[in-house]
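The structure under discussion appears below in the form of structure tokens.
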Amino acid sequence: MKRLVDLPYGEKLTQRLDLYLPDGQTEAVLVYFHGGGLDSGDKEGSLLPGTYLAERGIAMISANYRMYPEANYPDFIEDAASAVAWAREYMRTHLKCERLYVGGTSAGAYLSMMLCFDPRYLSMVGIAPNDISGYFHDAGQPTKHFRVLRACGENPRRVIVDETAPMYHVGTSPSYPPMRFIISDDDVKGRYEQTMLMLVTLSNLGYSGFDHVVMHGTHCAYWNRTDENGDSLLGGMMLDFIRHTENV
């Protein structure tokens with residue numbers, strides 16, 4: 001496994017990514033966005049799952065993105081789309097694989113959901129919905145993100161579903177790639193219930209190909225932890241999802 005750090009996917013200093021590459025054949029690529037409430041966090045925190053995946057044939061790209069207070073909505077979503085476009089081009093020029101996945105944790109999962117459910121962002125960088133093999137949404141907020149609410153002068157505890165919310169766009173596309181949602185049973189207040197509403201909404205509108213895993217504990221408590229074998233818990237969940245969708 002080798003790690004390439006601070007590769008630019010844009011002109012801004014924050015538009016940098018780390019690439020975790022397998023030593024042998026690359027089976028798939030996962031573009032991952034870190035959490036931190038859209039105003040903190042860093043790609044460096046992905047060392048554990050990135051190493052875990054690369055050692056098992058999956059390349060992982062951990063991307064930084066513009067955040068508050070320097071950035072505003074939708075800068076971070078546009079950056080996420082640009083990182084995915086960079087990954088797609090890298091796959092075409094350097095890797096012999098076609099399967100591209102997108103995921104994130106907490107605020108990063110808000111980004112992955114916005115890319116999934118609002119097709120405008122990926123289309124702006126030349127990526128079609130069927131170019132993505134699957135989405136891994138880990139503990140993301142499907143309603144208007146609390147940091148976006150705060151930037152708008154709203155109470156961040158409000159529950160609003162407008163065009164800045166992933167849930168707002170559910171039902172506007174004929175189909176979606178496979179998806180897995182991760183949520184904790186003692187997550188931040190309302191996050192579990194909002195995630196269940198997202199799942200029910202997808203089901204009621206006739207969509208399939210998605211599932212969810214309920215973790216025991218607080219918000220993203222498993223994020224940087226290992227199991228009894230010393231393996232990344234988050235990396236294991238990512239690998240399980242990618243393996244599950246290999247033939248979809």
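We label chains A, B, ... in the order they appear in the structure tokens, count residues from 1 in each chain, and number ligands from 1 in the order shown.
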
Mind checking DSSP for range 33-173 of chain A and telling me the helix (DSSP H, G or I) residues as a ChimeraX atom specification? /A:43-54,75-94,107-117,120-123,129-131,146-151,166-169

If you run DSSP on the backbone, which residues of range 77-118 of chain A are strand (DSSP E or B), as a list in words? Leu100, Tyr101, Val102, Gly103, Gly104 and Thr105 of chain A

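Taking CA of His34 in chain A and CA of Leu205 in chain A as the two end points, the separation is 29.6 Å.
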
What's the 10 Å shell around range 167-169 of chain A, counting only C-alpha atoms, without same-chain residues fewer than 2 positions away, as number ranges by chain? A: 113-114, 116-119, 141-144, 160-165, 171-173, 194-195, 197-199, 201-202

Can you measure CA of Met179 in chain A to CA of Gly209 in chain A for me? One decimal in Å is fine.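 Between CA of Met179 in chain A and CA of Gly209 in chain A the gap is 6.6 Å.
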
So that I can see what lies close to Phe76 in chain A, please list as a ChimeraX atom specification the residues with an atom at most 12 Å from it, counting only C-alpha atoms and leaving out residues fewer than 5 positions away in the same chain. /A:12,14-15,33-35,37-39,63-71,81-83,107-112,114-115,121,147-148,164

Calculate how many Å separate CA of Pro22 in chain A from CA of Val248 in chain A, rounding to one decimal.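 Distance reported for this atom pair: 23.0 Å.
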
Spatial neighbours of Ile182 in chain A, 8 Å, only C-alpha atoms, chain gap at least 5 places, as a VMD selection string: chain A and resid 136 to 139 212 to 215

Taking only C-alpha atoms into account, produce a table as a Markdown table in which each residue of range 121-185 of chain A with an atom at most 12 Å from an atom of range 23-28 of chain A appears once, together with its shortest atom pair and the distance in Å to one decimal, ordered by chain and rising number.
```
| residue | atom | partner | partner_atom | distance |
| --- | --- | --- | --- | --- |
| A:Ile132 | CA | A:Ala28 | CA | 10.9 |
| A:Ser133 | CA | A:Ala28 | CA | 9.2 |
| A:Gly134 | CA | A:Ala28 | CA | 10.8 |
```

Measuring between only C-alpha atoms, which one of A:Ala54, A:Leu30, A:Val200, A:Ile183 shows the shortest distance to Val102 in chain A?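 Comparing A:Ala54, A:Leu30, A:Val200, A:Ile183 against Val102 in chain A, the winner is A:Leu30.
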
Just checking: using only C-alpha atoms, which residue out of A:Gly236, A:Gly153, A:Pro129, A:Gly45 ends up closest to Ser175 in chain A?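 Closest residue, counting only C-alpha atoms: A:Pro129.
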
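Remark: for Gly57 in chain A, the closest of the candidate residues A:Arg16, A:Lys2, A:Arg92, A:His145 is A:Lys2 (distances computed over only C-alpha atoms).
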